[in-house]
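Down below is the structure, laid out as structure tokens.
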Amino acid sequence: GLRIGLRDVSYNYGKAVHPITSFHVQYNEFPSERKRRYDTLPAVGVAPERSFPMAKIVPSYTGTLRSHSLMLPACISECSGIRIFGRTIKSFVFSTDVATIASCNADAVIAVYPFTPQPRIARAIISVADMPVFCGVGGGFTSGARSVAQAMEAEHCGAYGVVLNAPVSADIMRDIRTHIDIPVVATIVSATQDTEARIAAGADILNVSAAAETPQLVAALRARHPEIPIIATGGPRDETIRKTIAAGANAITYTPPDNGVLLADIMTAHRERYR
């Protein structure tokens, strides 16, 4: 594939295919030196006349202004991903900050926040994101008919899925499931939760958030539910992310540094410049 800005472009032998727009660039239009590079890519549905190297080369273009972007840990790509509406999602950025969402290379956004869900917040995030957004619709303090209405509104706004908090009842989850046609994600924070009841009520995906105990909880859930898709928090380090993937997580949620942390080095450089 080819990385342009923050997005990957997939290649077939003979043409380049952008996964979202399906814009084709004909192979024969490439300059000869570029043809030689793409000839190393294995053919898809074509019997090659010569062997191809197995190495996967990913050319990259970042530009100048967009080179300063938030790149998620590369090891997240080692998980299987979850295919939703034909799109494979491996990484979720856990954020409602529109600047962060517009400037990172996550496959999707999980937009959950500690206030009552509001459609205007969902619309703002979806309008900025160029990747799928999974919207929090309550399940704790906000529940009942209000959560059902929020889920329906999120789908109408273009959300790819809705996320329900840990305390949500099976009845509310069942009601939401009957009113929308996008995935229902149930948050799991402890092994004592009745995951069987949540799955029976319509949960399509489990979202595991158990802090340092996440890998152990993921492993326990994977043993009980071998086929259910699992999203899980991976922590800030490659070691903990890989441990969570090895436990059985199909996709990883990444919490980015806040703007104060990201700006610290830039502001330090500016101060040094004007000393």
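Going by the structure tokens order, chains are called A, B, ..., each with residues numbered from 1, while ligands are numbered from 1 in the order shown.
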
Skip range 103-119 of chain A itself and residues of its chain fewer than 2 positions away, then list as number ranges by chain all residues within 6 Å of it, counting only C-alpha atoms.
A: 6, 69-71, 89, 91-96, 100-101, 121-122, 131-137

I'd like the contact shell of range 226-237 of chain A - 7 Å cut-off, only C-alpha atoms, skipping same-chain residues fewer than 4 positions apart - returned as a VMD selection string.
chain A and resid 82 205 to 209 214 222 241 244 249 to 254

So that I have them on file, write out the residues from the current selection with all heavy atoms, as a compact mmCIF listing (two decimals), in the first residue's frame.
# COMPACT_ATOMS: atom_id res chain seq x y z
N ILE A 82 -11.80 -5.43 12.89
CA ILE A 82 -13.22 -5.78 12.83
C ILE A 82 -13.77 -5.16 11.55
O ILE A 82 -13.63 -3.96 11.33
CB ILE A 82 -14.00 -5.23 14.04
CG1 ILE A 82 -13.40 -5.75 15.34
CG2 ILE A 82 -15.48 -5.59 13.96
CD1 ILE A 82 -13.95 -5.07 16.59
N ILE A 205 -20.72 -5.94 19.61
CA ILE A 205 -19.29 -5.82 19.90
C ILE A 205 -19.13 -5.54 21.39
O ILE A 205 -19.95 -4.81 21.97
CB ILE A 205 -18.66 -4.67 19.09
CG1 ILE A 205 -18.82 -4.90 17.58
CG2 ILE A 205 -17.17 -4.50 19.43
CD1 ILE A 205 -18.42 -3.70 16.74
N LEU A 206 -18.10 -6.12 22.01
CA LEU A 206 -17.78 -5.82 23.40
C LEU A 206 -16.61 -4.83 23.43
O LEU A 206 -15.61 -5.01 22.73
CB LEU A 206 -17.41 -7.09 24.16
CG LEU A 206 -18.48 -8.20 24.22
CD1 LEU A 206 -17.98 -9.37 25.05
CD2 LEU A 206 -19.80 -7.67 24.75
N ASN A 207 -16.76 -3.80 24.25
CA ASN A 207 -15.72 -2.79 24.41
C ASN A 207 -15.15 -2.91 25.82
O ASN A 207 -15.79 -2.53 26.79
CB ASN A 207 -16.31 -1.40 24.20
CG ASN A 207 -15.33 -0.28 24.52
OD1 ASN A 207 -14.16 -0.37 24.16
ND2 ASN A 207 -15.82 0.76 25.18
N VAL A 208 -13.96 -3.48 25.93
CA VAL A 208 -13.37 -3.79 27.23
C VAL A 208 -12.52 -2.62 27.71
O VAL A 208 -11.59 -2.18 27.03
CB VAL A 208 -12.52 -5.08 27.16
CG1 VAL A 208 -11.93 -5.40 28.54
CG2 VAL A 208 -13.36 -6.23 26.66
N SER A 209 -12.85 -2.14 28.91
CA SER A 209 -12.10 -1.04 29.52
C SER A 209 -11.92 -1.36 30.99
O SER A 209 -12.76 -1.01 31.82
CB SER A 209 -12.85 0.28 29.33
OG SER A 209 -12.14 1.35 29.90
N THR A 214 -7.14 -5.07 31.82
CA THR A 214 -7.77 -5.29 30.52
C THR A 214 -7.32 -6.58 29.83
O THR A 214 -8.16 -7.35 29.36
CB THR A 214 -7.54 -4.08 29.59
OG1 THR A 214 -8.23 -2.95 30.14
CG2 THR A 214 -8.06 -4.34 28.20
N ARG A 222 -12.71 -13.81 25.77
CA ARG A 222 -12.45 -14.57 24.55
C ARG A 222 -12.67 -16.06 24.77
O ARG A 222 -13.17 -16.77 23.88
CB ARG A 222 -11.02 -14.30 24.07
CG ARG A 222 -10.61 -15.03 22.80
CD ARG A 222 -11.56 -14.75 21.67
NE ARG A 222 -11.47 -13.39 21.17
CZ ARG A 222 -12.50 -12.72 20.67
NH1 ARG A 222 -13.70 -13.27 20.63
NH2 ARG A 222 -12.35 -11.50 20.23
N ILE A 241 -0.06 -2.97 24.51
CA ILE A 241 -0.92 -3.13 23.34
C ILE A 241 -0.81 -4.55 22.80
O ILE A 241 -1.82 -5.22 22.53
CB ILE A 241 -0.57 -2.10 22.25
CG1 ILE A 241 -0.95 -0.70 22.71
CG2 ILE A 241 -1.26 -2.44 20.93
CD1 ILE A 241 -0.44 0.40 21.81
N THR A 244 -2.53 -7.06 25.01
CA THR A 244 -3.98 -7.03 24.84
C THR A 244 -4.40 -7.74 23.55
O THR A 244 -5.39 -8.47 23.53
CB THR A 244 -4.48 -5.57 24.83
OG1 THR A 244 -4.07 -4.93 26.04
CG2 THR A 244 -6.00 -5.51 24.73
N ALA A 249 -7.99 -9.42 21.71
CA ALA A 249 -8.66 -8.22 21.22
C ALA A 249 -8.55 -8.13 19.71
O ALA A 249 -7.48 -8.37 19.14
CB ALA A 249 -8.07 -6.96 21.86
N ASN A 250 -9.65 -7.77 19.05
CA ASN A 250 -9.66 -7.61 17.59
C ASN A 250 -9.30 -6.19 17.16
O ASN A 250 -8.87 -5.97 16.04
CB ASN A 250 -11.03 -7.95 17.02
CG ASN A 250 -11.47 -9.35 17.35
OD1 ASN A 250 -12.34 -9.56 18.19
ND2 ASN A 250 -10.87 -10.34 16.70
N ALA A 251 -9.52 -5.22 18.04
CA ALA A 251 -9.21 -3.82 17.75
C ALA A 251 -8.79 -3.14 19.05
O ALA A 251 -9.17 -3.57 20.14
CB ALA A 251 -10.41 -3.11 17.13
N ILE A 252 -8.03 -2.07 18.91
CA ILE A 252 -7.44 -1.39 20.06
C ILE A 252 -7.91 0.06 20.13
O ILE A 252 -7.93 0.78 19.12
CB ILE A 252 -5.90 -1.42 20.00
CG1 ILE A 252 -5.38 -2.85 20.10
CG2 ILE A 252 -5.28 -0.54 21.08
CD1 ILE A 252 -5.65 -3.53 21.44
N THR A 253 -8.29 0.48 21.34
CA THR A 253 -8.62 1.88 21.60
C THR A 253 -7.39 2.58 22.17
O THR A 253 -6.75 2.08 23.10
CB THR A 253 -9.77 1.99 22.61
OG1 THR A 253 -10.93 1.36 22.07
CG2 THR A 253 -10.10 3.43 22.90
N TYR A 254 -7.05 3.72 21.56
CA TYR A 254 -5.86 4.47 21.98
C TYR A 254 -6.29 5.84 22.49
O TYR A 254 -7.04 6.56 21.83
CB TYR A 254 -4.91 4.63 20.79
CG TYR A 254 -3.69 5.47 21.08
CD1 TYR A 254 -2.60 4.94 21.77
CD2 TYR A 254 -3.61 6.80 20.65
CE1 TYR A 254 -1.48 5.71 22.03
CE2 TYR A 254 -2.50 7.57 20.91
CZ TYR A 254 -1.43 7.02 21.60
OH TYR A 254 -0.32 7.78 21.86

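Taking only range 123-248 of chain A, the residues that DSSP calls strand (DSSP E or B) from the backbone come to A:Val133, A:Phe134, A:Cys135, A:Gly136, A:Gly161, A:Val162, A:Val163, A:Leu164, A:Val184, A:Val185, A:Ala186, A:Thr187, A:Ile188, A:Ile205, A:Leu206, A:Asn207, A:Val208, A:Ile230, A:Ile231, A:Ala232, A:Thr233.
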
List the spatial neighbours of Arg123 in chain A as a count of residues only - criterion: any atom at most 9 Å away, only C-alpha atoms, same-chain residues fewer than 3 positions off excluded.
10

Using only C-alpha atoms, which residues sit within 9 Å of Glu155 in chain A once same-chain residues fewer than 4 positions away are excluded, as a list in words?
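In the requested form, the answer reads Gln150, Ala151, Ala159, Tyr160, Gly161, Val162, Ile180, Asp181 and Ile182 of chain A.
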
Could you state the separation of CA of Pro59 in chain A and CA of Asp130 in chain A in Å, given to one decimal place?
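The value is 21.4 Å.
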
I need the residues of range 48-170 of chain A that end up classed as alpha helix (DSSP H) by DSSP on the backbone, written out as a PyMOL selection string.
chain A and resi 98-102+119-128+144-157+170

Quick one: write out the picked residues with C-alpha atoms as a compact mmCIF listing (two decimals), in the first residue's frame?
# COMPACT_ATOMS: atom_id res chain seq x y z
CA VAL A 98 -12.05 17.74 16.92
CA ALA A 99 -8.49 18.98 16.28
CA THR A 100 -7.03 15.66 17.44
CA ILE A 101 -9.61 13.67 15.47
CA ALA A 102 -8.84 15.63 12.29
CA PRO A 119 -26.84 15.17 19.18
CA ARG A 120 -25.02 18.45 18.48
CA ILE A 121 -21.81 16.94 19.87
CA ALA A 122 -22.22 13.84 17.70
CA ARG A 123 -22.89 16.00 14.63
CA ALA A 124 -19.80 18.16 15.30
CA ILE A 125 -17.49 15.16 15.64
CA ILE A 126 -18.92 13.35 12.60
CA SER A 127 -18.62 16.51 10.49
CA VAL A 128 -14.90 16.80 11.27
CA GLY A 144 -34.19 4.64 29.04
CA ALA A 145 -36.05 6.30 26.17
CA ARG A 146 -33.44 9.08 26.03
CA SER A 147 -30.67 6.58 25.17
CA VAL A 148 -32.87 5.01 22.51
CA ALA A 149 -33.54 8.44 20.98
CA GLN A 150 -29.83 9.31 21.13
CA ALA A 151 -28.95 6.06 19.33
CA MET A 152 -31.46 6.76 16.56
CA GLU A 153 -30.22 10.32 16.18
CA ALA A 154 -26.59 9.14 16.05
CA GLU A 155 -27.42 6.79 13.18
CA HIS A 156 -29.25 9.57 11.34
CA CYS A 157 -26.17 11.80 11.76
CA ALA A 170 -30.51 -5.63 28.79

Ranking A:Leu72, A:Ile172, A:Leu164, A:Val189 by minimum distance to Pro256 in chain A and counting only C-alpha atoms, which one comes first?
A:Leu72

Using only C-alpha atoms, which of A:Ile266, A:Ala200, A:Ala247, A:Val218 sits nearest His68 in chain A?
A:Ile266

Separation of CA of Ile176 in chain A and CA of Ala203 in chain A, in Å?
9.7 Å
